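Visitor: First, the structure itself, so that you have it in front of you.
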Amino acid sequence: MKLEVQQYKKSIYEIGLPKEQESIIWDFYVTKSIAGSSSQKRSLADYGLKKIPFEQMLKAGGIDSEHKLILLANSITQTLKDNDLDIGNEKNPVAIDVETPRIVCITPYSIADTNKPKGKVGEGESVLTHIRNAFAHGNTYFFDNGNVLLEDKNKNTVTARLILPLQALLDWIKIIDSNNNFYILHDNLDNEK
């Protein structure tokens with residue numbers, strides 16, 4: 001299914017999730033995020049982890065290697081087009097596939113001398129940082145099929161677009177906080193208040 005996504009831009013608080021799930025998603029991804037940009041961040045050690053279980057997260061989100069592009073780049077304009085994630089703008093919207101989970105984002109990197117670029121953070125932290133920023137800046141689009149598009153920008157430059165099942169956001173919390181140190185999520189996504 002292809003949609004012009006602009007009309008689906010909503011906050012997590014506007015889609016009818018139970019208040020507990022809204023609060024947990026916001027707390028995990030924004031307020032206490034593992035992301036480097038969160039001033040109240042939690043560390044992996046707080047969850048009893050040494051590294052982010054990113055491959056397990058991707059699997060839970062239905063994202064295969066073909067649909068995961070985390071790039072050491074300054075721009076992803078063409079990559080967004082190539083992966084059906086160019087949404088256009090309000091005046092000229094472009095319909096995109098909102099069924100297929102996928103990630104296209106840049107990741108911070110450094111280059112020294114004649115060496116190849118090196119990522120400054122792992123792929124998992126990079127993706128969690130983009131998710132944090134998408135929620136914090138209100139760049140979230142929720143579709144009737146249960147998927148969400150999360151968009152991160154640096155001023156007017158898009159740095160990430162991800163399409164995930166909304167359920168994956170809850171599953172990822174369960175994967176990272178598998179010992180229920182901070183969150184207890186008993187049920188799957190429940191759209192009843």
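Simple scheme: letters A, B, ... for chains in structure tokens order, numbers from 1 for residues in each chain, numbers from 1 for ligands in the order shown.
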Once DSSP has gone over the backbone, tell me which residues of range 6-154 of chain A are in alpha helix (DSSP H), as JSON, numbers by chain.
Guide: {"A": [19, 20, 21, 22, 23, 24, 25, 26, 54, 55, 56, 57, 58, 59, 60, 77, 78, 79, 80, 81, 82, 123, 124, 125, 126, 127, 128, 129, 130, 131, 132, 133, 134, 135, 136]}
Visitor: When you count only C-alpha atoms, which of these residues is closest to Glu4 in chain A: A:Leu166, A:Ile87, A:Met57, A:Leu72?
Guide: A:Ile87
Visitor: My list of candidates is A:Ala136, A:Leu58, A:Ile111, A:Ile106. Which is closest to Trp26 in chain A when distances are computed with only C-alpha atoms?
Guide: A:Ala136
Visitor: With distances taken over only C-alpha atoms, which of A:Leu128, A:Leu162, A:Val121, A:Val104 is nearest to Val30 in chain A?
Guide: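 Smallest distance to Val30 in chain A is found for A:Leu128.
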Visitor: Please, what distance in Å, to one decimal, runs between CA of Thr31 in chain A and CA of Pro108 in chain A?
Guide: 21.2 Å
Visitor: For CA of Ser23 in chain A and CA of Gln6 in chain A, quote the distance in Å rounded to one decimal.
Guide: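 Separation of CA of Ser23 in chain A and CA of Gln6 in chain A: 24.7 Å.
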Visitor: Nearest to Glu66 in chain A: which of A:Val158, A:Leu3, A:Ile103, A:Ile52 is it, counting only C-alpha atoms?
Guide: A:Ile103
Visitor: Hey, can you check how far CA of Leu71 in chain A sits from CA of Glu123 in chain A?
Guide: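 Straight-line distance from CA of Leu71 in chain A to CA of Glu123 in chain A works out to 9.3 Å.
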Visitor: Could you pull out the strand (DSSP E) residues of chain A, going by DSSP on the backbone, and write them as a PyMOL selection string?
Guide: chain A and resi 2-3+68-71+96-97+102-106+109-110+118-119+140-142+147-154+157-165
Visitor: What's the 9 Å shell around Thr157 in chain A, counting only C-alpha atoms, without same-chain residues fewer than 2 positions away, as a PyMOL selection string?
Guide: chain A and resi 75-77+152-155+159
Visitor: Could you turn the residues from that selection into a file that holds N, CA and C atoms, as a PDB file, in the first residue's frame?
Guide:
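Contents of selection-v2.pdb, as written:
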ATOM      1  N   SER A  75      24.695  12.995   3.475  1.00  0.00           N
ATOM      2  CA  SER A  75      23.392  13.139   2.834  1.00  0.00           C
ATOM      3  C   SER A  75      22.874  11.756   2.449  1.00  0.00           C
ATOM      4  N   ILE A  76      21.559  11.593   2.566  1.00  0.00           N
ATOM      5  CA  ILE A  76      20.938  10.326   2.153  1.00  0.00           C
ATOM      6  C   ILE A  76      19.788  10.565   1.176  1.00  0.00           C
ATOM      7  N   THR A  77      19.790  11.725   0.531  1.00  0.00           N
ATOM      8  CA  THR A  77      18.694  12.098  -0.366  1.00  0.00           C
ATOM      9  C   THR A  77      18.437  11.043  -1.430  1.00  0.00           C
ATOM     10  N   ASP A 152      13.980  11.790  11.241  1.00  0.00           N
ATOM     11  CA  ASP A 152      14.890  12.676  11.958  1.00  0.00           C
ATOM     12  C   ASP A 152      15.493  13.642  10.955  1.00  0.00           C
ATOM     13  N   LYS A 153      15.698  14.872  11.409  1.00  0.00           N
ATOM     14  CA  LYS A 153      16.271  15.905  10.543  1.00  0.00           C
ATOM     15  C   LYS A 153      17.322  16.687  11.318  1.00  0.00           C
ATOM     16  N   ASN A 154      18.270  17.216  10.578  1.00  0.00           N
ATOM     17  CA  ASN A 154      19.200  18.202  11.094  1.00  0.00           C
ATOM     18  C   ASN A 154      18.893  19.467  10.310  1.00  0.00           C
ATOM     19  N   LYS A 155      18.159  20.377  10.918  1.00  0.00           N
ATOM     20  CA  LYS A 155      17.588  21.547  10.246  1.00  0.00           C
ATOM     21  C   LYS A 155      16.666  21.039   9.147  1.00  0.00           C
ATOM     22  N   THR A 159      18.005  13.099   8.106  1.00  0.00           N
ATOM     23  CA  THR A 159      19.109  12.227   8.506  1.00  0.00           C
ATOM     24  C   THR A 159      18.649  10.791   8.724  1.00  0.00           C
TER      25      THR A 159
END
Visitor: Could you check which of A:Val98, A:Leu44, A:Ile184, A:Leu164 is closest to Lys59 in chain A, using only C-alpha atoms?
Guide: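 The shortest atom-to-atom distance to Lys59 in chain A comes from A:Leu164.
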Visitor: Out of A:Leu69, A:Asn181, A:Ala35, A:Val5, which residue has the shortest atom-to-atom distance to Asn92 in chain A when counting only C-alpha atoms?
Guide: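 Closest candidate: A:Val5.
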Visitor: If we count only C-alpha atoms and set the cut-off at 12 Å, which residues sit around Ile175 in chain A, ignoring sequence neighbours fewer than 6 positions away in its own chain? Please answer as a list of chain:residue names.
Guide: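 After dropping sequence-adjacent residues, the list is A:Tyr47, A:Gly48, A:Leu49, A:Lys51, A:Ile52, A:Pro53, A:Phe54, A:Glu55, A:Gln56, A:Met57, A:Leu58, A:Lys59, A:Ala60, A:Gly61, A:Ala168, A:Leu169, A:Asn181, A:Tyr183, A:Ile184, A:Leu185.
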